[in-house]
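Visitor: Below you'll find target-v7.cif; it's mmCIF, C-alpha atoms.
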data_protein
#
loop_
_atom_site.label_atom_id
_atom_site.label_comp_id
_atom_site.auth_asym_id
_atom_site.auth_seq_id
_atom_site.Cartn_x
_atom_site.Cartn_y
_atom_site.Cartn_z
CA LYS A 1429 63.83 -114.28 -200.26
CA PHE A 1430 66.67 -116.60 -199.32
CA VAL A 1431 70.24 -115.77 -200.27
CA VAL A 1432 72.81 -118.48 -199.69
CA THR A 1433 75.86 -116.48 -198.67
CA LEU A 1434 78.89 -118.64 -199.24
CA ASN A 1435 82.33 -117.02 -199.04
CA ILE A 1436 83.63 -117.63 -202.54
CA PRO A 1437 86.21 -115.07 -203.73
CA ILE A 1438 85.68 -113.46 -207.12
CA ASN A 1439 88.77 -113.10 -209.31
CA PRO A 1440 88.58 -109.71 -211.05
CA ASP A 1441 90.63 -111.06 -213.97
CA ASN A 1442 88.14 -113.82 -214.71
CA PRO A 1443 84.86 -113.00 -212.92
CA GLU A 1444 82.63 -115.05 -215.24
CA ALA A 1445 84.23 -118.37 -214.26
CA ASP A 1446 84.03 -117.60 -210.55
CA MET A 1447 80.43 -116.42 -210.85
CA LEU A 1448 79.55 -119.65 -212.68
CA ALA A 1449 81.15 -121.71 -209.92
CA TYR A 1450 79.30 -119.64 -207.33
CA GLU A 1451 76.04 -120.32 -209.15
CA LYS A 1452 76.66 -124.08 -209.18
CA VAL A 1453 77.49 -124.15 -205.47
CA ASN A 1454 74.35 -122.16 -204.67
CA GLN A 1455 72.25 -124.51 -206.79
CA LYS A 1456 73.59 -127.54 -204.93
CA ALA A 1457 72.89 -125.88 -201.59
CA LEU A 1458 69.33 -124.99 -202.60
CA ASN A 1459 68.71 -128.52 -203.91
CA TYR A 1460 69.89 -129.90 -200.57
CA PHE A 1461 67.69 -127.51 -198.57
CA TRP A 1462 64.75 -128.32 -200.84
CA LYS A 1463 64.99 -132.06 -200.21
CA ILE A 1464 65.54 -132.12 -196.45
CA SER A 1465 62.72 -129.63 -195.76
CA ASN A 1466 60.12 -131.64 -197.77
CA SER A 1467 59.55 -128.58 -199.94
CA GLN A 1468 58.15 -130.55 -202.87
CA ALA A 1469 55.02 -131.45 -200.87
CA LYS A 1470 54.72 -127.84 -199.71
CA LEU A 1471 54.95 -126.66 -203.31
CA ARG A 1472 52.06 -128.95 -204.30
CA SER A 1473 49.96 -127.52 -201.49
CA TRP A 1474 50.87 -123.99 -202.58
CA GLY A 1475 49.88 -124.69 -206.18
CA LYS A 1476 46.60 -126.44 -205.27
CA GLN A 1477 45.54 -123.63 -202.96
CA GLY A 1478 46.27 -121.02 -205.62
CA VAL A 1479 44.34 -122.93 -208.28
CA ASP A 1480 41.38 -123.30 -205.89
CA TYR A 1481 41.18 -119.76 -204.51
CA GLY A 1482 42.94 -117.60 -207.09
CA VAL A 1483 45.77 -116.66 -204.72
CA ALA A 1484 47.98 -118.50 -202.22
CA PHE A 1485 50.69 -117.29 -199.85
CA ALA A 1486 53.95 -118.88 -198.78
CA ARG A 1487 55.95 -117.64 -195.80
CA VAL A 1488 59.70 -118.17 -195.67
CA ASP A 1489 61.18 -119.53 -192.47
CA PHE A 1490 64.12 -121.47 -191.05
CA ASP A 1491 63.99 -125.08 -189.94
CA ARG A 1492 66.06 -125.41 -186.79
CA LYS A 1493 67.21 -128.61 -185.10
CA THR A 1494 68.57 -128.29 -181.58
CA HIS A 1495 69.82 -130.66 -178.91
CA LYS A 1496 69.70 -130.06 -175.17
CA THR A 1497 72.38 -131.43 -172.85
CA LYS A 1498 72.77 -131.23 -169.10
CA THR A 1499 76.08 -130.99 -167.31
CA VAL A 1500 76.55 -131.64 -163.59
CA GLU A 1501 79.49 -130.18 -161.68
CA GLN A 1502 80.46 -129.93 -158.04
CA VAL A 1503 80.64 -126.36 -156.71
CA VAL A 1504 80.93 -124.73 -153.30
CA ASN A 1505 78.02 -122.55 -152.21
CA ASP A 1506 78.08 -119.48 -149.98
CA LYS A 1507 77.98 -121.67 -146.87
CA GLY A 1508 81.06 -123.56 -147.92
CA GLU A 1509 79.07 -126.70 -148.73
CA LEU A 1510 79.75 -128.87 -151.73
CA VAL A 1511 76.65 -128.99 -153.96
CA GLU A 1512 75.78 -130.08 -157.47
CA LYS A 1513 75.22 -127.43 -160.13
CA ILE A 1514 73.15 -128.54 -163.11
CA THR A 1515 73.55 -126.53 -166.32
CA GLU A 1516 71.33 -127.06 -169.34
CA VAL A 1517 72.80 -126.11 -172.71
CA GLU A 1518 70.84 -126.06 -175.98
CA GLU A 1519 73.05 -126.60 -179.02
CA LEU A 1520 72.03 -125.71 -182.57
CA LEU A 1521 72.65 -128.74 -184.76
CA TYR A 1522 71.59 -127.25 -188.08
CA GLU A 1523 69.52 -124.42 -189.53
CA THR A 1524 68.18 -124.58 -193.07
CA PRO A 1525 65.83 -122.31 -195.04
CA THR A 1526 62.35 -123.57 -195.76
CA PHE A 1527 58.84 -122.22 -196.24
CA GLU A 1528 55.31 -122.94 -195.08
CA VAL A 1529 51.97 -122.60 -196.84
CA PRO A 1530 49.34 -121.24 -194.43
CA ASP A 1531 45.61 -121.50 -194.97
CA LEU A 1532 44.58 -118.57 -197.15
CA PHE A 1533 41.84 -117.68 -194.66
CA ASP A 1534 44.51 -117.28 -191.97
CA VAL A 1535 46.32 -114.58 -193.98
CA PHE A 1536 45.05 -111.00 -193.73
CA PHE A 1537 46.30 -108.67 -196.47
CA ASP A 1538 45.24 -105.83 -198.75
CA PRO A 1539 43.86 -107.42 -201.96
CA ARG A 1540 44.09 -104.11 -203.84
CA ILE A 1541 47.90 -104.16 -203.89
CA GLU A 1542 49.49 -106.28 -206.58
CA CYS A 1543 53.04 -106.70 -205.20
CA THR A 1544 53.55 -108.38 -201.83
CA ASP A 1545 56.51 -106.19 -200.90
CA ASP A 1546 54.38 -103.04 -201.37
CA MET A 1547 51.72 -104.11 -198.88
CA PRO A 1548 51.65 -102.07 -195.65
CA CYS A 1549 51.36 -105.24 -193.58
CA ILE A 1550 50.45 -108.92 -193.62
CA ILE A 1551 48.97 -110.64 -190.57
CA LEU A 1552 49.25 -114.40 -190.15
CA ASN A 1553 46.83 -116.13 -187.78
CA LYS A 1554 47.85 -119.38 -186.06
CA ASP A 1555 45.33 -121.54 -184.22
CA ASP A 1556 45.88 -124.02 -181.42
CA VAL A 1557 49.48 -123.11 -180.56
CA ARG A 1558 50.68 -124.88 -177.43
CA LYS A 1559 51.45 -122.63 -174.49
CA SER A 1560 54.50 -124.78 -173.67
CA GLU A 1561 55.90 -124.08 -177.15
CA ILE A 1562 55.68 -120.35 -176.51
CA LEU A 1563 57.14 -120.53 -172.99
CA SER A 1564 60.09 -122.64 -174.12
CA ASN A 1565 61.30 -119.96 -176.56
CA SER A 1566 62.47 -117.39 -174.02
CA GLU A 1567 65.21 -116.12 -176.34
CA ALA A 1568 62.72 -114.83 -178.92
CA TYR A 1569 59.74 -113.91 -176.70
CA PHE A 1570 59.18 -111.63 -173.71
CA ASN A 1571 56.22 -111.08 -171.35
CA LEU A 1572 56.16 -114.85 -170.79
CA GLN A 1573 55.06 -114.41 -167.16
CA LYS A 1574 51.84 -112.85 -168.45
CA VAL A 1575 51.40 -115.75 -170.88
CA LYS A 1576 51.70 -118.25 -168.01
CA GLY A 1577 48.68 -116.76 -166.28
CA LEU A 1578 46.64 -116.41 -169.45
CA ASP A 1579 43.43 -118.44 -169.57
CA SER A 1580 43.03 -120.66 -172.62
CA THR A 1581 39.40 -119.97 -173.37
CA SER A 1582 39.90 -121.00 -176.99
CA GLY A 1583 42.71 -121.86 -179.35
CA TYR A 1584 40.98 -120.05 -182.19
CA SER A 1585 40.87 -116.38 -183.06
CA SER A 1586 37.88 -114.50 -181.70
CA ASN A 1587 37.58 -112.21 -184.72
CA GLY A 1588 37.37 -114.38 -187.78
CA ASP A 1589 37.48 -118.11 -187.14
CA ASN A 1590 33.77 -118.82 -186.92
CA TYR A 1591 33.85 -119.97 -190.55
CA LYS A 1592 36.35 -122.69 -189.58
CA LEU A 1593 34.24 -124.01 -186.75
CA ASN A 1594 31.13 -123.93 -188.94
CA LYS A 1595 32.96 -125.85 -191.66
CA PHE A 1596 34.12 -128.43 -189.14
CA ASN A 1597 30.50 -128.95 -188.10
CA GLN A 1598 29.38 -129.27 -191.74
CA GLU A 1599 32.03 -131.90 -192.39
CA GLY A 1600 31.07 -133.84 -189.25
CA ILE A 1601 34.24 -132.94 -187.33
CA PRO A 1602 33.36 -132.54 -183.64
CA THR A 1603 34.15 -129.25 -181.92
CA ILE A 1604 36.65 -129.80 -179.12
CA ASP A 1605 36.33 -127.81 -175.92
CA ASN A 1606 39.69 -126.09 -175.42
CA SER A 1607 38.80 -124.35 -172.16
CA ASN A 1608 40.75 -126.88 -170.09
CA THR A 1609 43.74 -127.13 -172.39
CA SER A 1610 46.78 -124.93 -172.91
CA MET A 1611 46.13 -123.96 -176.53
CA MET A 1612 46.63 -120.36 -177.59
CA ASN A 1613 45.81 -118.24 -180.61
CA VAL A 1614 48.85 -116.42 -182.03
CA GLN A 1615 48.88 -113.64 -184.60
CA GLU A 1616 52.06 -112.61 -186.42
CA PHE A 1617 52.19 -109.04 -187.73
CA TYR A 1618 54.67 -108.23 -190.52
CA GLY A 1619 54.66 -104.66 -191.76
CA TYR A 1620 55.45 -100.99 -191.29
CA PHE A 1621 55.21 -99.29 -187.90
CA SER A 1622 56.42 -95.97 -186.52
CA GLU A 1623 57.35 -95.79 -182.85
CA SER A 1624 57.01 -92.00 -182.91
CA GLY A 1625 53.76 -92.03 -184.86
CA GLU A 1626 55.32 -90.03 -187.72
CA ALA A 1627 55.51 -91.42 -191.23
CA LYS A 1628 59.20 -90.51 -191.65
CA ASP A 1629 60.12 -92.88 -188.82
CA GLU A 1630 58.34 -95.91 -190.24
CA GLU A 1631 60.29 -99.16 -190.20
CA MET A 1632 59.39 -102.76 -190.93
CA TRP A 1633 58.58 -104.77 -187.80
CA HIS A 1634 57.59 -108.27 -186.81
CA PHE A 1635 55.16 -108.40 -183.87
CA THR A 1636 53.76 -111.52 -182.21
CA ILE A 1637 50.55 -111.29 -180.17
CA VAL A 1638 48.95 -114.02 -178.04
CA ASN A 1639 45.15 -114.20 -177.75
CA ASN A 1640 44.80 -110.64 -179.05
CA SER A 1641 46.04 -109.32 -175.71
CA ILE A 1642 49.75 -109.89 -174.96
CA LEU A 1643 52.67 -108.75 -177.11
CA ILE A 1644 55.52 -111.25 -176.85
CA ARG A 1645 57.78 -110.22 -179.76
CA ALA A 1646 58.87 -106.96 -181.40
CA ASP A 1647 61.72 -107.32 -183.89
CA LYS A 1648 62.81 -105.12 -186.76
CA ILE A 1649 63.00 -106.89 -190.12
CA ASN A 1650 64.29 -105.81 -193.51
CA PHE A 1651 61.94 -107.64 -195.90
CA MET A 1652 58.41 -109.02 -196.10
CA PRO A 1653 58.77 -112.81 -195.67
CA PHE A 1654 55.82 -113.65 -197.92
CA GLU A 1655 55.34 -114.47 -201.56
CA LYS A 1656 52.06 -115.16 -203.33
CA PHE A 1657 51.10 -117.34 -206.25
CA VAL A 1658 48.32 -116.14 -208.56
CA PRO A 1659 47.39 -118.65 -211.29
CA LEU A 1660 45.44 -116.21 -213.51
CA GLU A 1661 46.13 -112.54 -212.87
CA ILE A 1662 43.70 -109.66 -212.78
CA PRO A 1663 45.54 -106.42 -213.67
CA ALA A 1664 46.18 -104.01 -210.77
CA GLN A 1665 44.84 -106.48 -208.17
CA GLY A 1666 46.55 -108.70 -205.66
CA VAL A 1667 44.01 -111.51 -206.07
CA GLY A 1668 43.50 -113.43 -209.30
CA LYS A 1669 41.08 -116.11 -210.43
CA GLY A 1670 41.12 -119.82 -209.72
CA ILE A 1671 40.28 -122.55 -212.18
CA ALA A 1672 36.78 -123.22 -210.87
CA GLU A 1673 35.73 -119.61 -210.27
CA PRO A 1674 34.74 -118.74 -213.89
CA ILE A 1675 32.35 -121.72 -214.05
CA LYS A 1676 30.81 -121.41 -210.59
CA LYS A 1677 27.45 -120.10 -211.84
CA LEU A 1678 27.33 -122.78 -214.53
CA GLN A 1679 28.11 -125.45 -211.92
CA ASP A 1680 25.24 -124.16 -209.76
CA ALA A 1681 22.91 -124.40 -212.75
CA TYR A 1682 24.22 -127.89 -213.55
CA ASN A 1683 23.56 -129.05 -209.97
CA LEU A 1684 20.06 -127.53 -210.06
CA VAL A 1685 19.11 -129.33 -213.28
CA ARG A 1686 20.45 -132.67 -212.06
CA ASN A 1687 18.60 -132.34 -208.76
CA GLN A 1688 15.40 -131.55 -210.63
CA ARG A 1689 15.84 -134.68 -212.74
CA LEU A 1690 16.42 -136.85 -209.64
CA GLU A 1691 13.35 -135.40 -207.94
CA ASN A 1692 11.30 -135.99 -211.09
CA MET A 1693 12.45 -139.61 -211.23
CA ALA A 1694 11.52 -140.05 -207.57
CA VAL A 1695 8.02 -138.70 -208.23
CA LEU A 1696 7.61 -140.90 -211.32
CA THR A 1697 8.64 -143.96 -209.33
CA ASN A 1698 6.53 -143.07 -206.29
CA LYS A 1699 3.33 -141.61 -207.71
CA VAL A 1700 1.38 -138.80 -206.09
CA PHE A 1701 -2.35 -139.54 -205.66
CA LYS A 1702 -5.43 -137.47 -205.08
CA LEU A 1703 -7.89 -139.12 -202.71
CA LYS A 1704 -11.55 -138.18 -202.40
CA GLN A 1705 -12.57 -137.28 -198.88
CA GLY A 1706 -15.03 -139.68 -197.31
CA SER A 1707 -14.24 -142.44 -199.78
CA GLY A 1708 -13.37 -144.83 -196.97
CA ILE A 1709 -10.00 -145.72 -198.51
CA ASP A 1710 -7.19 -146.21 -195.99
CA PRO A 1711 -4.37 -143.80 -197.00
CA ARG A 1712 -1.84 -146.29 -195.63
CA LYS A 1713 -2.89 -148.70 -198.38
CA VAL A 1714 -2.12 -146.15 -201.11
CA VAL A 1715 1.47 -147.28 -201.76
CA MET A 1716 3.21 -147.98 -205.07
CA ARG A 1717 4.57 -151.49 -204.65
CA ALA A 1718 4.31 -154.82 -206.42
CA GLY A 1719 1.23 -156.91 -205.51
CA ASN A 1720 -0.41 -154.14 -203.50
CA ILE A 1721 -4.24 -154.19 -203.31
CA ILE A 1722 -6.28 -151.05 -202.54
CA PRO A 1723 -9.92 -151.94 -201.73
CA MET A 1724 -12.40 -149.24 -202.86
CA LYS A 1725 -16.08 -148.87 -203.73
CA ASP A 1726 -15.75 -145.94 -206.13
CA LEU A 1727 -13.05 -146.26 -208.79
CA ASP A 1728 -13.04 -142.48 -209.27
CA ALA A 1729 -12.26 -141.87 -205.59
CA LEU A 1730 -8.54 -142.46 -206.16
CA GLN A 1731 -6.62 -141.01 -209.08
CA VAL A 1732 -2.96 -140.63 -209.97
CA LEU A 1733 -1.68 -137.10 -210.49
CA ASP A 1734 -0.09 -136.72 -213.90
CA THR A 1735 3.65 -135.96 -213.63
CA PRO A 1736 5.52 -135.13 -216.85
CA ASP A 1737 8.80 -136.91 -217.52
CA ILE A 1738 11.52 -134.26 -217.88
CA SER A 1739 14.46 -136.67 -218.22
CA ALA A 1740 15.05 -136.01 -221.93
CA SER A 1741 15.08 -132.21 -221.61
CA THR A 1742 17.29 -132.21 -218.51
CA PHE A 1743 19.79 -134.53 -220.19
CA SER A 1744 20.08 -132.11 -223.09
CA GLU A 1745 20.43 -129.15 -220.71
CA THR A 1746 23.19 -130.79 -218.63
CA GLN A 1747 25.10 -131.69 -221.80
CA ALA A 1748 24.86 -128.08 -222.98
CA LEU A 1749 26.07 -126.81 -219.59
CA ASN A 1750 28.89 -129.35 -219.61
CA THR A 1751 29.99 -128.15 -223.05
CA GLU A 1752 29.92 -124.51 -221.89
CA MET A 1753 32.07 -125.33 -218.87
CA GLN A 1754 34.58 -127.10 -221.09
CA SER A 1755 34.68 -124.13 -223.45
CA ILE A 1756 35.28 -121.64 -220.61
CA ASN A 1757 38.07 -123.72 -219.07
CA SER A 1758 39.53 -124.70 -222.46
CA THR A 1759 39.24 -128.38 -221.59
CA VAL A 1760 37.83 -131.33 -223.49
CA ASP A 1761 36.17 -134.52 -222.33
CA SER A 1762 37.19 -137.00 -225.00
CA SER A 1763 35.09 -139.73 -223.38
CA GLN A 1764 31.86 -138.15 -224.66
CA ASP A 1765 30.32 -139.65 -227.75
CA ASN A 1766 30.23 -137.81 -231.05
CA SER A 1767 26.51 -137.15 -230.90
CA SER A 1768 26.80 -135.06 -227.75
CA ASN A 1769 29.73 -132.90 -228.77
CA GLY A 1770 30.61 -133.46 -232.38
CA PHE A 1771 33.09 -130.66 -232.98
CA THR A 1772 35.08 -131.45 -229.85
CA ASN A 1773 35.48 -135.08 -230.77
CA LEU A 1774 36.65 -134.42 -234.30
CA ALA A 1775 40.42 -134.47 -234.71
CA THR A 1776 40.59 -130.78 -235.64
CA GLY A 1777 38.28 -129.77 -232.81
CA GLN A 1778 40.22 -131.72 -230.21
CA ARG A 1779 43.52 -130.28 -231.47
CA ILE A 1780 42.17 -126.73 -231.13
CA ARG A 1781 40.80 -127.39 -227.65
CA TRP A 1782 43.99 -129.06 -226.45
CA ASN A 1783 46.01 -126.12 -227.75
CA GLU A 1784 43.75 -123.78 -225.78
CA PHE A 1785 44.14 -125.93 -222.68
CA ASN A 1786 47.94 -126.11 -223.04
CA THR A 1787 48.13 -122.33 -223.43
CA ARG A 1788 46.28 -121.79 -220.14
CA PHE A 1789 48.22 -124.56 -218.40
CA LYS A 1790 51.55 -123.06 -219.51
CA ALA A 1791 50.48 -119.63 -218.21
CA ILE A 1792 49.62 -121.09 -214.79
CA LYS A 1793 52.85 -123.11 -214.73
CA SER A 1794 54.87 -120.01 -215.65
CA ASN A 1795 53.22 -117.99 -212.85
CA LEU A 1796 54.00 -120.73 -210.33
CA GLU A 1797 57.63 -120.92 -211.46
CA GLU A 1798 57.98 -117.14 -211.21
CA ALA A 1799 56.49 -117.14 -207.71
CA LEU A 1800 58.84 -119.95 -206.70
CA SER A 1801 61.79 -118.02 -208.15
CA ARG A 1802 60.87 -114.93 -206.11
CA LEU A 1803 60.51 -117.10 -203.02
#
How would this structure read if it were set down as structure tokens?
Guide:
Amino acid sequence: KFVVTLNIPINPDNPEADMLAYEKVNQKALNYFWKISNSQAKLRSWGKQGVDYGVAFARVDFDRKTHKTKTVEQVVNDKGELVEKITEVEELLYETPTFEVPDLFDVFFDPRIECTDDMPCIILNKDDVRKSEILSNSEAYFNLQKVKGLDSTSGYSSNGDNYKLNKFNQEGIPTIDNSNTSMMNVQEFYGYFSESGEAKDEEMWHFTIVNNSILIRADKINFMPFEKFVPLEIPAQGVGKGIAEPIKKLQDAYNLVRNQRLENMAVLTNKVFKLKQGSGIDPRKVVMRAGNIIPMKDLDALQVLDTPDISASTFSETQALNTEMQSINSTVDSSQDNSSNGFTNLATGQRIRWNEFNTRFKAIKSNLEEALSRL
């Protein structure tokens, strides 16, 4: 998406040499931009999100550094009085290309379309944007007077962010009341729009909307500033598969079997009794602990319920599930002993499995490099 336009003349008599020099200069510029914008960390986040969810988006942007200065000068007003005139000037120090990796659940797109540039639109949701940040950018935004009087009922979107708040609660993160703060929800629309309503007049636009109510930006653009990374493609779809998705059902079964084993061990350790009514035995005395005495007149009044030990069978089942998950993901756990997975731990078996794993890893790495190249 970024083109470094440096004015290097091309000699028609020897274009190859000049094009090679142009390539080297561009490479140095891109390396410089990559380092100062901390893009390596962003790339890791992009790759992790794609591996987790099967698709991840990156949005290109510019990193701008400005400096504000104030100048004071003496001027004469309309009354002929000498007064001070204060002028504030914002100077652009540098502007470099960079990119950001938004949360996948903040990106709204058509998953049926394979190529990002062919999508009719992409909407990016931004939570908890400071009102002061919006008001300070008067050069890019309009309708700022309406934004000033806008109530900040919530910094989150009202049409799709409940999952975030629920997840915060599940993770123990307290929900903060934003009603008395100046946080806004901002949605960025990138896509095709026709001012006349006719298809022949469609152009690509960038709209910015605050709290689903106030339009503060409407700019024409000439490309879709998004690229997506899909680790494992599904033909004719915009969303692929992550690493964990193929084994999700097996993981659920694995968790179920392990929980059953833990519950069985708890029951075996803390026995369940059947107590005859009217036996006179105090139920509070019926406790499995060392040195405990349960006074009773009838030895048949209290009996232990028989609980079968399922540890052996569940161990075998979890090992089988573990082997299936390794086979699906083409991975190998070389720490397992030979008795649990003999073929895998043989030299030939491990070589075959590692070759399978490397093939999948190279495919994912190639897809990430291609996505980065398009970016």
Visitor: Residues at most 7 Å from stretch 1474-1481 of chain A, counting only C-alpha atoms, excluding those fewer than 2 positions away in the same chain, as a list of chain:residue names?
Guide: A:Lys1470, A:Leu1471, A:Arg1472, A:Val1483, A:Ala1484, A:Val1529, A:Phe1657, A:Val1658, A:Pro1659, A:Lys1669, A:Gly1670, A:Ile1671, A:Ala1672
Visitor: Of the candidates A:Phe1596, A:Phe1485, A:Phe1651, A:Phe1617, which shows the shortest atom-to-atom distance to A:Asp1531, using all atoms listed in the file?
Guide: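 Of the candidates, the smallest distance to A:Asp1531 is held by A:Phe1485.
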Visitor: Set the distance at 8 Å and use all atoms listed in the file: which residues neighbour A:Ile1649 once local chain neighbours fewer than 4 positions away are removed? I'd like the list as a ChimeraX atom specification.
Guide: /A:1632-1634
Visitor: Quick check, in Å to one decimal: how far apart do atom CA of A:Ser1566 and atom CA of A:Glu1518 lie?
Guide: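 Value for the atom CA of A:Ser1566-atom CA of A:Glu1518 distance: 12.2 Å.
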Visitor: Carefully work through the PyMOL selection byres ((chain A and resi 1662) around 12) for this structure and note down the residues it includes, as number ranges by chain.
Guide: A: 1482-1483, 1539-1542, 1658-1661, 1663-1670
Visitor: When you count all atoms listed in the file, which of these residues is closest to A:Ala1729: A:Ile1792, A:Ala1748, A:Leu1703, A:Ala1486?
Guide: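 Checking each of A:Ile1792, A:Ala1748, A:Leu1703, A:Ala1486 against A:Ala1729, counting all atoms listed in the file, the winner is A:Leu1703.
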